>>> print(open('my_file-v4.cif').read())   # mmCIF, C-alpha atoms
data_input
loop_
_atom_site.label_atom_id
_atom_site.label_comp_id
_atom_site.auth_asym_id
_atom_site.auth_seq_id
_atom_site.Cartn_x
_atom_site.Cartn_y
_atom_site.Cartn_z
CA MET A 623 24.92 -71.04 14.19
CA THR A 624 28.73 -71.01 14.17
CA SER A 625 30.65 -67.72 14.15
CA GLU A 626 34.28 -67.23 13.14
CA ARG A 627 36.78 -64.36 13.43
CA PRO A 628 38.13 -63.89 9.86
CA LEU A 629 38.82 -60.14 10.35
CA SER A 630 41.07 -60.59 13.36
CA LYS A 631 44.77 -61.39 13.12
CA LYS A 632 44.48 -63.23 16.41
CA LYS A 633 43.99 -66.97 16.58
CA ILE A 634 40.63 -67.94 15.04
CA THR A 635 38.26 -69.74 17.35
CA GLN A 636 34.73 -70.98 16.89
CA GLN A 637 31.72 -70.37 19.10
CA THR A 638 28.23 -71.75 18.63
CA ILE A 639 25.25 -69.49 19.34
CA SER A 640 21.52 -70.09 18.97
CA ILE A 641 19.24 -67.48 17.34
CA SER A 642 15.68 -67.57 16.07
CA PRO A 643 14.97 -68.34 12.39
CA ASP A 644 13.48 -64.85 11.95
CA LEU A 645 16.58 -63.14 13.30
CA LYS A 646 18.80 -65.39 11.17
CA ASP A 647 16.86 -64.38 8.05
CA LYS A 648 17.04 -60.68 8.95
CA ILE A 649 20.82 -60.84 9.41
CA GLU A 650 21.35 -62.72 6.17
CA ARG A 651 19.21 -60.24 4.22
CA TYR A 652 20.96 -57.29 5.85
CA VAL A 653 24.45 -58.60 5.10
CA SER A 654 23.50 -59.54 1.54
CA GLU A 655 21.97 -56.11 0.87
CA PHE A 656 24.96 -54.17 2.18
CA ASN A 657 27.43 -56.49 0.47
CA GLU A 658 25.78 -55.57 -2.83
CA LYS A 659 25.93 -51.85 -2.01
CA ASN A 660 29.51 -52.01 -0.68
CA PRO A 661 31.29 -54.97 -2.31
CA ASN A 662 34.71 -53.81 -1.05
CA ASP A 663 33.64 -53.46 2.57
CA LYS A 664 35.12 -56.42 4.43
CA ARG A 665 32.51 -56.13 7.18
CA TYR A 666 29.87 -57.53 4.81
CA LYS A 667 31.99 -60.16 3.02
CA SER A 668 30.36 -62.92 5.04
CA ILE A 669 28.01 -63.57 7.93
CA SER A 670 31.03 -64.41 10.08
CA ALA A 671 32.76 -61.14 9.19
CA PHE A 672 29.63 -59.22 10.08
CA TYR A 673 29.20 -61.01 13.43
CA ASN A 674 32.84 -60.49 14.27
CA TYR A 675 32.74 -56.76 13.59
CA VAL A 676 29.47 -56.20 15.47
CA MET A 677 30.66 -58.13 18.52
CA GLU A 678 34.05 -56.40 18.63
CA LYS A 679 32.48 -52.94 18.43
CA SER A 680 29.84 -53.88 21.01
CA MET A 681 32.51 -55.03 23.46
CA GLU A 682 34.43 -51.80 22.91
CA CYS A 683 31.28 -49.89 23.89
CA PHE A 684 30.77 -52.02 27.00
CA GLU A 685 34.39 -51.48 28.04
CA LYS A 686 33.72 -47.71 27.88
CA GLY A 687 30.82 -48.03 30.31
CA LYS A 688 27.90 -48.56 27.92
CA THR A 689 25.27 -51.18 28.77
CA LEU A 690 22.77 -53.24 26.84
CA ASP A 691 20.08 -50.67 27.67
CA ASP A 692 22.04 -48.05 25.74
CA PHE A 693 21.21 -49.85 22.49
CA LYS A 694 17.60 -48.68 22.91
CA ALA A 695 18.75 -45.06 22.82
CA TYR A 696 21.08 -45.48 19.85
CA VAL A 697 21.00 -42.50 17.45
CA ASP A 698 21.33 -43.82 13.91
CA GLY A 699 23.40 -41.98 11.34
CA GLU A 700 20.59 -41.44 8.86
CA ILE A 701 18.35 -39.57 11.32
CA LYS A 702 21.28 -37.58 12.67
CA SER A 703 22.37 -36.47 9.19
CA ILE A 704 18.85 -35.22 8.41
CA PHE A 705 18.57 -33.23 11.63
CA ASP A 706 22.08 -31.86 11.17
CA LYS A 707 20.77 -30.01 8.10
CA ILE A 708 18.13 -28.13 10.09
CA SER A 709 19.79 -27.70 13.49
CA PHE A 710 22.95 -26.29 15.01
CA ASN A 711 24.97 -26.42 18.20
CA ALA A 712 24.61 -23.49 20.59
CA LEU A 713 25.45 -22.53 24.14
CA ILE A 714 22.27 -23.46 25.99
CA PRO A 715 22.22 -20.63 28.59
CA TYR A 716 22.84 -18.05 25.87
CA TYR A 717 20.22 -19.44 23.47
CA GLU A 718 17.69 -19.93 26.29
CA THR A 719 17.89 -16.19 26.98
CA ALA A 720 18.09 -15.15 23.32
CA ILE A 721 14.78 -16.79 22.34
CA ARG A 722 12.82 -15.41 25.31
CA THR A 723 11.23 -12.63 23.23
CA ASN A 724 10.42 -15.12 20.46
CA ARG A 725 7.82 -16.84 22.65
CA TYR A 726 4.71 -15.67 20.76
CA THR A 727 6.28 -15.37 17.33
CA HIS A 728 4.25 -17.49 14.93
CA PRO A 729 6.26 -20.31 13.28
CA PHE A 730 4.67 -19.73 9.87
CA PHE A 731 5.15 -22.35 7.17
CA GLU A 732 6.14 -19.62 4.69
CA LYS A 733 9.01 -18.47 6.92
CA ASN A 734 10.44 -21.97 7.41
CA PRO A 735 9.53 -24.06 4.33
CA PHE A 736 12.85 -25.93 4.18
CA PHE A 737 12.60 -26.91 7.86
CA TYR A 738 9.03 -28.17 7.59
CA MET A 739 9.39 -29.93 4.23
CA THR A 740 12.61 -31.67 5.35
CA LEU A 741 10.82 -33.16 8.36
CA ARG A 742 7.74 -34.03 6.29
CA ARG A 743 9.90 -35.96 3.82
CA LEU A 744 11.64 -37.69 6.72
CA TYR A 745 8.35 -39.11 7.98
CA LEU A 746 6.65 -39.77 4.64
CA ALA A 747 9.58 -41.76 3.27
CA ARG A 748 9.79 -44.03 6.30
CA MET A 749 6.26 -44.71 7.45
CA ASP A 750 3.00 -46.11 6.18
CA PRO A 751 0.14 -44.09 7.74
CA TYR A 752 -2.01 -47.22 7.70
CA ASP A 753 0.62 -49.26 9.59
CA ILE A 754 0.90 -48.29 13.25
CA THR A 755 4.13 -50.27 13.64
CA SER A 756 5.92 -48.22 10.98
CA ILE A 757 4.76 -44.99 12.66
CA LYS A 758 6.12 -46.15 15.99
CA THR A 759 9.41 -47.20 14.40
CA ILE A 760 10.20 -43.85 12.79
CA PHE A 761 9.05 -41.99 15.91
CA SER A 762 11.38 -44.15 18.02
CA ARG A 763 14.31 -43.30 15.76
CA VAL A 764 13.54 -39.57 16.01
CA ARG A 765 12.98 -39.89 19.76
CA ASN A 766 16.47 -41.32 20.26
CA TYR A 767 17.95 -38.33 18.47
CA ILE A 768 15.83 -35.80 20.39
CA LEU A 769 16.76 -37.32 23.76
CA SER A 770 20.46 -37.11 22.87
CA ASN A 771 20.46 -33.31 22.58
CA ASN A 772 20.56 -32.49 26.32
CA LEU A 773 17.43 -30.33 25.97
CA THR A 774 14.74 -32.94 26.40
CA LYS A 775 13.76 -35.12 29.33
CA GLU A 776 10.80 -37.01 27.86
CA PHE A 777 9.53 -37.38 24.28
CA ASN A 778 6.75 -39.95 24.08
CA LEU A 779 3.95 -40.96 21.72
CA ASP A 780 1.18 -43.47 22.48
CA LEU A 781 -1.04 -44.51 19.57
CA PHE A 782 -4.51 -46.09 19.54
CA THR A 783 -6.47 -47.59 16.66
CA GLY A 784 -10.20 -48.06 16.24
CA LYS A 785 -12.35 -50.17 13.93
CA SER A 786 -10.74 -48.60 10.87
CA PRO A 787 -7.04 -47.83 10.29
CA LYS A 788 -8.14 -44.23 9.84
CA ASP A 789 -9.53 -44.15 13.39
CA LEU A 790 -6.09 -43.29 14.68
CA THR A 791 -5.68 -41.27 17.86
CA GLY A 792 -2.77 -40.69 20.17
CA VAL A 793 -1.18 -38.86 23.08
CA PHE A 794 2.06 -36.93 22.68
CA GLU A 795 4.05 -35.85 25.75
CA PHE A 796 7.12 -33.64 25.91
CA THR A 797 9.15 -32.65 28.95
CA GLY A 798 12.06 -30.27 28.52
CA LEU A 799 14.86 -29.01 30.71
CA PHE A 800 14.69 -25.28 29.92
CA LYS A 801 11.64 -23.00 29.98
CA ASN A 802 11.97 -21.05 26.72
CA LEU A 803 13.46 -23.90 24.70
CA THR A 804 10.65 -26.17 25.88
CA PHE A 805 8.02 -23.67 24.73
CA GLU A 806 9.68 -23.39 21.30
CA ASN A 807 10.00 -27.16 20.94
CA CYS A 808 6.37 -27.74 21.89
CA LYS A 809 5.22 -24.95 19.56
CA TYR A 810 7.11 -26.37 16.58
CA ASN A 811 6.01 -29.93 17.36
CA ALA A 812 2.40 -28.72 17.31
CA ALA A 813 3.02 -27.06 13.93
CA LEU A 814 4.72 -30.16 12.49
CA LEU A 815 1.88 -32.42 13.60
CA GLY A 816 -0.51 -30.12 11.75
CA LEU A 817 1.63 -30.28 8.61
CA LEU A 818 1.56 -34.08 8.80
CA GLY A 819 -2.25 -33.99 9.08
CA VAL A 820 -2.72 -34.54 12.81
CA ARG A 821 -5.11 -32.36 14.84
CA ILE A 822 -4.62 -31.48 18.50
CA THR A 823 -7.97 -32.06 20.23
CA ASN A 824 -6.94 -31.33 23.82
CA PHE A 825 -3.96 -29.62 25.36
CA VAL A 826 -2.08 -29.37 28.66
CA TYR A 827 0.92 -27.13 29.22
CA SER A 828 2.89 -26.39 32.38
CA ASP A 829 5.54 -23.66 32.41
CA LYS A 830 6.61 -24.75 35.86
CA ASP A 831 7.23 -28.36 34.84
CA ASN A 832 8.41 -27.63 31.26
CA TYR A 833 5.75 -30.11 30.15
CA CYS A 834 3.14 -30.36 27.43
CA ARG A 835 0.63 -33.03 26.44
CA PHE A 836 -1.36 -33.16 23.21
CA ASP A 837 -4.38 -35.40 22.61
CA LEU A 838 -4.21 -36.18 18.91
CA LYS A 839 -6.49 -37.31 16.10
CA ALA A 840 -5.38 -38.18 12.58
CA THR A 841 -7.34 -36.34 9.89
CA ASP A 842 -7.78 -37.37 6.25
CA LEU A 843 -4.68 -35.28 5.46
CA PHE A 844 -2.53 -37.73 7.43
CA PHE A 845 -3.35 -40.46 4.91
CA ARG A 846 -2.70 -38.32 1.82
CA LYS A 847 0.71 -37.93 0.19
CA ASP A 848 -0.11 -34.78 -1.79
CA LEU A 849 0.78 -31.52 -0.09
CA VAL A 850 -2.64 -29.78 -0.12
CA LYS A 851 -0.76 -26.87 1.36
CA GLN A 852 -3.60 -24.55 2.36
CA GLU A 853 -5.47 -27.27 4.24
CA ARG A 854 -2.33 -28.33 6.10
CA VAL A 855 -1.46 -24.72 6.95
CA LYS A 856 -4.95 -24.27 8.45
CA LEU A 857 -4.36 -27.33 10.61
CA MET A 858 -0.96 -25.97 11.66
CA VAL A 859 -2.59 -22.66 12.69
CA HIS A 860 -5.22 -24.56 14.69
CA ASN A 861 -2.56 -26.54 16.57
CA ILE A 862 -0.35 -23.52 17.21
CA SER A 863 -3.30 -21.52 18.57
CA TYR A 864 -3.03 -23.51 21.80
CA PHE A 865 0.31 -21.78 22.34
CA ILE A 866 -0.10 -18.42 20.63
CA ASN A 867 -3.26 -16.73 21.86
CA TYR A 868 -4.07 -13.50 23.67
CA ASN A 869 -5.28 -15.25 26.80
CA ARG A 870 -1.81 -16.73 27.27
CA MET A 871 -0.15 -13.37 26.46
CA ILE A 872 -2.32 -11.53 29.00
CA GLU A 873 -1.19 -13.98 31.68
CA ASP A 874 2.46 -13.54 30.68
CA LYS A 875 4.88 -10.60 30.70
CA ASN A 876 3.60 -7.19 29.51
CA TYR A 877 6.02 -6.83 26.63
CA TYR A 878 4.64 -9.90 24.80
CA LEU A 879 1.31 -8.15 24.24
CA TRP A 880 3.03 -4.86 23.45
CA MET A 881 5.15 -6.60 20.80
CA LYS A 882 1.98 -7.80 19.06
CA MET A 883 0.36 -4.37 19.27
CA ALA A 884 3.50 -2.75 17.83
CA ASP A 885 2.76 -4.45 14.51
CA ASP A 886 -0.68 -2.80 14.29
CA LYS A 887 -0.26 0.67 12.81
CA GLN A 888 -3.73 1.65 14.05
CA VAL A 889 -2.36 1.50 17.61
CA ILE A 890 -0.65 4.72 18.76
CA LEU A 891 1.72 4.96 21.70
CA THR A 892 1.13 7.97 23.94
CA PHE A 893 2.56 8.92 27.32
CA ASN A 894 0.95 9.33 30.70
CA ASN A 895 2.50 12.75 31.31
CA GLU A 896 4.64 15.38 29.61
CA GLU A 897 7.74 14.68 31.70
CA THR A 898 7.78 10.98 30.79
CA LYS A 899 7.31 11.80 27.11
CA LYS A 900 10.19 14.29 27.13
CA ASP A 901 12.46 11.95 29.10
CA TRP A 902 11.99 9.10 26.62
CA VAL A 903 12.27 11.17 23.45
CA ASN A 904 15.28 13.12 24.76
CA LEU A 905 17.03 9.91 25.79
CA ILE A 906 16.52 8.31 22.38
CA GLU A 907 17.43 11.51 20.50
CA ASN A 908 20.68 11.87 22.48
CA GLU A 909 21.69 8.27 21.82
CA ILE A 910 20.90 8.65 18.11
CA LYS A 911 23.34 11.57 18.11
CA LYS A 912 25.91 9.73 20.24
CA PHE A 913 25.97 6.34 18.55
CA GLY A 914 24.63 7.07 15.06
CA ASP A 915 26.02 8.87 12.04
CA LEU A 916 25.21 12.58 11.91
CA GLU A 917 24.16 12.05 8.28
CA ASP A 918 21.35 9.75 9.49
CA LEU A 919 20.08 11.98 12.32
CA HIS A 920 17.02 13.31 10.48
CA LEU A 921 15.96 9.93 9.16
CA ASN A 922 16.44 8.16 12.49
CA LEU A 923 14.32 10.72 14.32
CA LEU A 924 11.59 10.12 11.76
CA ARG A 925 11.98 6.40 12.35
CA LEU A 926 11.51 6.96 16.09
CA PHE A 927 8.15 8.65 15.58
CA GLU A 928 7.15 6.08 12.98
CA LYS A 929 7.73 3.33 15.56
CA LEU A 930 5.40 5.22 17.92
CA HIS A 931 2.94 5.19 14.99
CA TRP A 932 2.75 8.99 15.04
CA ILE A 933 3.87 9.28 11.40
CA GLU A 934 4.36 7.16 8.31
CA ILE A 935 7.53 7.74 6.31
CA GLU A 936 6.74 8.18 2.61
CA SER A 937 10.32 8.48 1.32
CA GLU A 938 13.50 7.97 3.31
CA LYS A 939 15.47 9.61 0.53
CA ASP A 940 13.32 12.77 0.47
CA LEU A 941 12.66 12.69 4.23
CA SER A 942 8.94 12.99 3.54
CA PHE A 943 6.23 11.73 5.88
CA GLN A 944 2.55 11.85 6.73
CA VAL A 945 1.32 12.61 10.23
CA LYS A 946 -1.02 9.88 11.50
CA LEU A 947 -2.14 11.75 14.64
CA LEU A 948 -5.64 13.18 14.41
CA GLU A 949 -5.63 16.87 15.30
CA THR A 950 -8.84 16.58 17.28
CA ARG A 951 -7.57 13.79 19.53
CA PHE A 952 -3.79 14.14 19.64
CA SER A 953 -3.15 17.87 19.42
CA HIS A 954 -0.48 17.81 22.16
CA GLU A 955 1.38 14.94 20.47
CA ARG A 956 1.28 16.73 17.10
CA GLU A 957 2.61 19.89 18.66
CA TYR A 958 5.43 18.03 20.38
CA LEU A 959 6.29 16.10 17.19
CA PHE A 960 6.88 19.29 15.21
CA GLU A 961 8.68 20.87 18.16
CA VAL A 962 11.25 18.05 18.21
CA LEU A 963 11.69 17.89 14.44
CA SER A 964 12.03 21.68 14.22
CA ARG A 965 15.07 21.53 16.48
CA ILE A 966 17.04 19.79 13.73
CA SER A 967 15.32 20.84 10.53
CA LYS A 968 13.04 23.18 8.68
CA ILE A 969 9.67 21.56 7.94
CA SER A 970 7.77 22.19 4.73
CA GLN A 971 4.43 20.83 3.56
CA MET A 972 3.20 19.95 0.10
CA ASN A 973 0.25 17.87 -1.14
CA GLY A 974 -0.60 16.61 2.34
CA LYS A 975 2.97 15.50 3.05
CA SER A 976 5.58 16.99 5.36
CA TYR A 977 9.26 17.25 4.46
CA LEU A 978 12.39 17.72 6.53
CA LYS A 979 15.18 19.85 5.12
CA LYS A 980 18.68 19.25 6.41
CA HIS A 981 20.40 22.39 7.71
#
>>> encode(input="my_file-v4.cif", output="structure tokens")
Amino acid sequence: MTSERPLSKKKITQQTISISPDLKDKIERYVSEFNEKNPNDKRYKSISAFYNYVMEKSMECFEKGKTLDDFKAYVDGEIKSIFDKISFNALIPYYETAIRTNRYTHPFFEKNPFFYMTLRRLYLARMDPYDITSIKTIFSRVRNYILSNNLTKEFNLDLFTGKSPKDLTGVFEFTGLFKNLTFENCKYNAALLGLLGVRITNFVYSDKDNYCRFDLKATDLFFRKDLVKQERVKLMVHNISYFINYNRMIEDKNYYLWMKMADDKQVILTFNNEETKKDWVNLIENEIKKFGDLEDLHLNLLRLFEKLHWIEIESEKDLSFQVKLLETRFSHEREYLFEVLSRISKISQMNGKSYLKKH
């Protein structure tokens, strides 16, 4: 094939190159398609114009230190634009610390529908679940983007087929560079695989190495285009359970378990001794007075005891509440509760409720 340089103002020269018939057909189809879409774009006016532009830009990349191997890691504009809608730039050390307490927060579908549905559309529109080559192609495009974000060391997927196209299994491996970000990435990848209809059948995770490995099996959901939301959500929950479970929390920092228990209003926080109880309550009360508005003092003290699960606020406007402490089991806590509240307010009772009255 002969290439020319019609876009350059320099002297036009000819150079003969040899390419396979398949590649020649691909190039011709590509140029023809984009010439139809962009008739005023000179880069697609002819095969020669296309070759000239591609070669010039490639040489510019090489002159800046790029190599042929860098083409394998090329992040295409389409994938980048999709991920730009659901991601943002952040200072890594800051964000790594900020998400530490988010470790065992469940990435529910209902809390992140736009995120999950955007990624589902990305895969569904670009792959045929019965064609392993198309799956590998879209994964490769996503992989190039993921590896460009300076958070990920390895992002690999190996696929295996059986007698039937539906006998699809695989192994997914992820290695990150930061502990908390790796955990979040692995957790959300597990959830996304469930949404796509893929079940995790075995699991390896190493905090030390920032590494996870999933053994995967495609379910019938993987080959269906309809949402079947409840079934997919169940699969997401199954996959996420490898990360979010009480065995893992027990082996981790104390506050992760305490955070879960704080959501259960049947759990009541008590103190080991009177001095500790007074120290904590006095500290919090003093800082409410120091940093809060005096107008909110009564309500914020009620909120303190509600967070200990000692009371339940009925009306913030009326400052009414119900005491949740059983008299037979928590008599000392009840006594101390009313002692503290009495320091700032008169307490009245009516119809099983208690009320604070501002002085």
>>> residues_near_point(input="my_file-v4.cif", point="(5.8, -33.2, 0.3)", cutoff="10 Å", atoms="only C-alpha atoms", output="list of chain:residue names")
A:Tyr738, A:Met739, A:Thr740, A:Leu741, A:Arg742, A:Arg743, A:Leu744, A:Leu746, A:Ala747, A:Leu817, A:Leu818, A:Lys847, A:Asp848, A:Leu849, A:Val850, A:Lys851
>>> write_last_selection(input="my_file-v4.cif", atoms="C-alpha atoms", output="PDB file, in the coordinates of the input")
ATOM      1  CA  TYR A 738       9.030 -28.170   7.590  1.00  0.00           C
ATOM      2  CA  MET A 739       9.390 -29.930   4.230  1.00  0.00           C
ATOM      3  CA  THR A 740      12.610 -31.670   5.350  1.00  0.00           C
ATOM      4  CA  LEU A 741      10.820 -33.160   8.360  1.00  0.00           C
ATOM      5  CA  ARG A 742       7.740 -34.030   6.290  1.00  0.00           C
ATOM      6  CA  ARG A 743       9.900 -35.960   3.820  1.00  0.00           C
ATOM      7  CA  LEU A 744      11.640 -37.690   6.720  1.00  0.00           C
ATOM      8  CA  LEU A 746       6.650 -39.770   4.640  1.00  0.00           C
ATOM      9  CA  ALA A 747       9.580 -41.760   3.270  1.00  0.00           C
ATOM     10  CA  LEU A 817       1.630 -30.280   8.610  1.00  0.00           C
ATOM     11  CA  LEU A 818       1.560 -34.080   8.800  1.00  0.00           C
ATOM     12  CA  LYS A 847       0.710 -37.930   0.190  1.00  0.00           C
ATOM     13  CA  ASP A 848      -0.110 -34.780  -1.790  1.00  0.00           C
ATOM     14  CA  LEU A 849       0.780 -31.520  -0.090  1.00  0.00           C
ATOM     15  CA  VAL A 850      -2.640 -29.780  -0.120  1.00  0.00           C
ATOM     16  CA  LYS A 851      -0.760 -26.870   1.360  1.00  0.00           C
TER      17      LYS A 851
END
>>> residues_around(input="my_file-v4.cif", residues="region 722-730 of chain A", least_positions_apart="4", cutoff="12 Å", atoms="all atoms listed in the file", output="JSON, numbers by chain")
{"A": [715, 716, 717, 718, 734, 735, 736, 737, 738, 800, 801, 802, 803, 804, 805, 806, 807, 808, 809, 810, 811, 812, 813, 814, 816, 817, 854, 855, 856, 857, 858, 859, 860, 861, 862, 863, 864, 865, 866, 867, 868, 869, 870, 871, 872, 874, 875, 876, 877, 878, 879, 880, 881, 882, 885]}
>>> residues_around(input="my_file-v4.cif", residues="region 782-798 of chain A", least_positions_apart="6", cutoff="8 Å", atoms="only C-alpha atoms", output="CSV table (one decimal) with C-alpha atoms, in the coordinates of the input")
chain,number,residue,atom,x,y,z
A,752,TYR,CA,-2.0,-47.2,7.7
A,753,ASP,CA,0.6,-49.3,9.6
A,773,LEU,CA,17.4,-30.3,26.0
A,774,THR,CA,14.7,-32.9,26.4
A,775,LYS,CA,13.8,-35.1,29.3
A,776,GLU,CA,10.8,-37.0,27.9
A,804,THR,CA,10.6,-26.2,25.9
A,808,CYS,CA,6.4,-27.7,21.9
A,831,ASP,CA,7.2,-28.4,34.8
A,832,ASN,CA,8.4,-27.6,31.3
A,833,TYR,CA,5.8,-30.1,30.2
A,834,CYS,CA,3.1,-30.4,27.4
A,835,ARG,CA,0.6,-33.0,26.4
A,836,PHE,CA,-1.4,-33.2,23.2
A,837,ASP,CA,-4.4,-35.4,22.6
A,838,LEU,CA,-4.2,-36.2,18.9
A,839,LYS,CA,-6.5,-37.3,16.1
A,840,ALA,CA,-5.4,-38.2,12.6
A,841,THR,CA,-7.3,-36.3,9.9
A,842,ASP,CA,-7.8,-37.4,6.2
A,845,PHE,CA,-3.4,-40.5,4.9
>>> closest_residue(input="my_file-v4.cif", among="A:Phe927, A:Ile768, A:Asp663, A:Phe825", to="Ser709 (chain A)", atoms="all atoms listed in the file")
A:Ile768
>>> closest_residue(input="my_file-v4.cif", among="A:Thr638, A:Ser762, A:Asn904, A:Ser970", to="Tyr958 (chain A)", atoms="all atoms listed in the file")
A:Asn904
>>> closest_residue(input="my_file-v4.cif", among="A:His954, A:Lys980, A:Val945, A:Lys975", to="Asp918 (chain A)", atoms="all atoms listed in the file")
A:Lys980
>>> atom_distance(input="my_file-v4.cif", atom1="CA of Asp706 (chain A)", atom2="CA of Ser770 (chain A)")
12.9 Å
>>> residues_around(input="my_file-v4.cif", residues="region 890-901 of chain A", least_positions_apart="3", cutoff="10 Å", atoms="only C-alpha atoms", output="list in words")
Met883, Ala884, Asp886, Lys887, Asn904, Leu905, Ile906, Glu907, Phe927, Glu928, Lys929, Leu930, His931, Trp932, Ile933, Lys946, Leu947, Phe952, His954, Glu955, Tyr958 and Val962 of chain A
>>> atom_distance(input="my_file-v4.cif", atom1="CA of Asn778 (chain A)", atom2="CA of Ile704 (chain A)")
20.4 Å
>>> residues_near_point(input="my_file-v4.cif", point="(12.9, 17.0, 5.6)", cutoff="9 Å", atoms="all atoms listed in the file", output="PDB file with C-alpha atoms, keeping the file's coordinate frame")
ATOM      1  CA  HIS A 920      17.020  13.310  10.480  1.00  0.00           C
ATOM      2  CA  LEU A 921      15.960   9.930   9.160  1.00  0.00           C
ATOM      3  CA  ASP A 940      13.320  12.770   0.470  1.00  0.00           C
ATOM      4  CA  LEU A 941      12.660  12.690   4.230  1.00  0.00           C
ATOM      5  CA  SER A 942       8.940  12.990   3.540  1.00  0.00           C
ATOM      6  CA  PHE A 943       6.230  11.730   5.880  1.00  0.00           C
ATOM      7  CA  LEU A 963      11.690  17.890  14.440  1.00  0.00           C
ATOM      8  CA  SER A 967      15.320  20.840  10.530  1.00  0.00           C
ATOM      9  CA  LYS A 968      13.040  23.180   8.680  1.00  0.00           C
ATOM     10  CA  ILE A 969       9.670  21.560   7.940  1.00  0.00           C
ATOM     11  CA  SER A 970       7.770  22.190   4.730  1.00  0.00           C
ATOM     12  CA  SER A 976       5.580  16.990   5.360  1.00  0.00           C
ATOM     13  CA  TYR A 977       9.260  17.250   4.460  1.00  0.00           C
ATOM     14  CA  LEU A 978      12.390  17.720   6.530  1.00  0.00           C
ATOM     15  CA  LYS A 979      15.180  19.850   5.120  1.00  0.00           C
ATOM     16  CA  LYS A 980      18.680  19.250   6.410  1.00  0.00           C
TER      17      LYS A 980
END
>>> resolve_selection(input="my_file-v4.cif", expression="the PyMOL selection byres ((chain A and resi 643-656) around 9)", output="list of chain:residue names")
A:Met623, A:Ile641, A:Ser642, A:Asn657, A:Glu658, A:Lys659, A:Asn660, A:Pro661, A:Asp663, A:Arg665, A:Tyr666, A:Lys667, A:Ser668, A:Ile669, A:Phe672
>>> atom_distance(input="my_file-v4.cif", atom1="CA of Arg763 (chain A)", atom2="CA of Tyr827 (chain A)")
24.9 Å
>>> resolve_selection(input="my_file-v4.cif", expression="the PyMOL selection byres ((chain A and resi 700) around 12)", output="mmCIF file with C-alpha atoms, in the coordinates of the input")
data_model
loop_
_atom_site.group_PDB
_atom_site.id
_atom_site.type_symbol
_atom_site.label_atom_id
_atom_site.label_comp_id
_atom_site.auth_asym_id
_atom_site.auth_seq_id
_atom_site.Cartn_x
_atom_site.Cartn_y
_atom_site.Cartn_z
ATOM 1 C CA TYR A 696 21.080 -45.480 19.850
ATOM 2 C CA VAL A 697 21.000 -42.500 17.450
ATOM 3 C CA ASP A 698 21.330 -43.820 13.910
ATOM 4 C CA GLY A 699 23.400 -41.980 11.340
ATOM 5 C CA ILE A 701 18.350 -39.570 11.320
ATOM 6 C CA LYS A 702 21.280 -37.580 12.670
ATOM 7 C CA SER A 703 22.370 -36.470 9.190
ATOM 8 C CA ILE A 704 18.850 -35.220 8.410
ATOM 9 C CA PHE A 705 18.570 -33.230 11.630
ATOM 10 C CA ASP A 706 22.080 -31.860 11.170
ATOM 11 C CA LYS A 707 20.770 -30.010 8.100
ATOM 12 C CA LEU A 744 11.640 -37.690 6.720
ATOM 13 C CA ARG A 748 9.790 -44.030 6.300
ATOM 14 C CA ILE A 760 10.200 -43.850 12.790
ATOM 15 C CA ARG A 763 14.310 -43.300 15.760
ATOM 16 C CA VAL A 764 13.540 -39.570 16.010
ATOM 17 C CA TYR A 767 17.950 -38.330 18.470
#
>>> residues_around(input="my_file-v4.cif", residues="Ile910 (chain A)", least_positions_apart="6", cutoff="9 Å", atoms="all atoms listed in the file", output="CSV table (one decimal) with C-alpha atoms, keeping the file's coordinate frame")
chain,number,residue,atom,x,y,z
A,916,LEU,CA,25.2,12.6,11.9
A,918,ASP,CA,21.4,9.8,9.5
A,919,LEU,CA,20.1,12.0,12.3
A,922,ASN,CA,16.4,8.2,12.5
A,923,LEU,CA,14.3,10.7,14.3
>>> closest_residue(input="my_file-v4.cif", among="A:Glu938, A:Glu853, A:Asp750, A:Asp829", to="Leu799 (chain A)", atoms="only C-alpha atoms")
A:Asp829
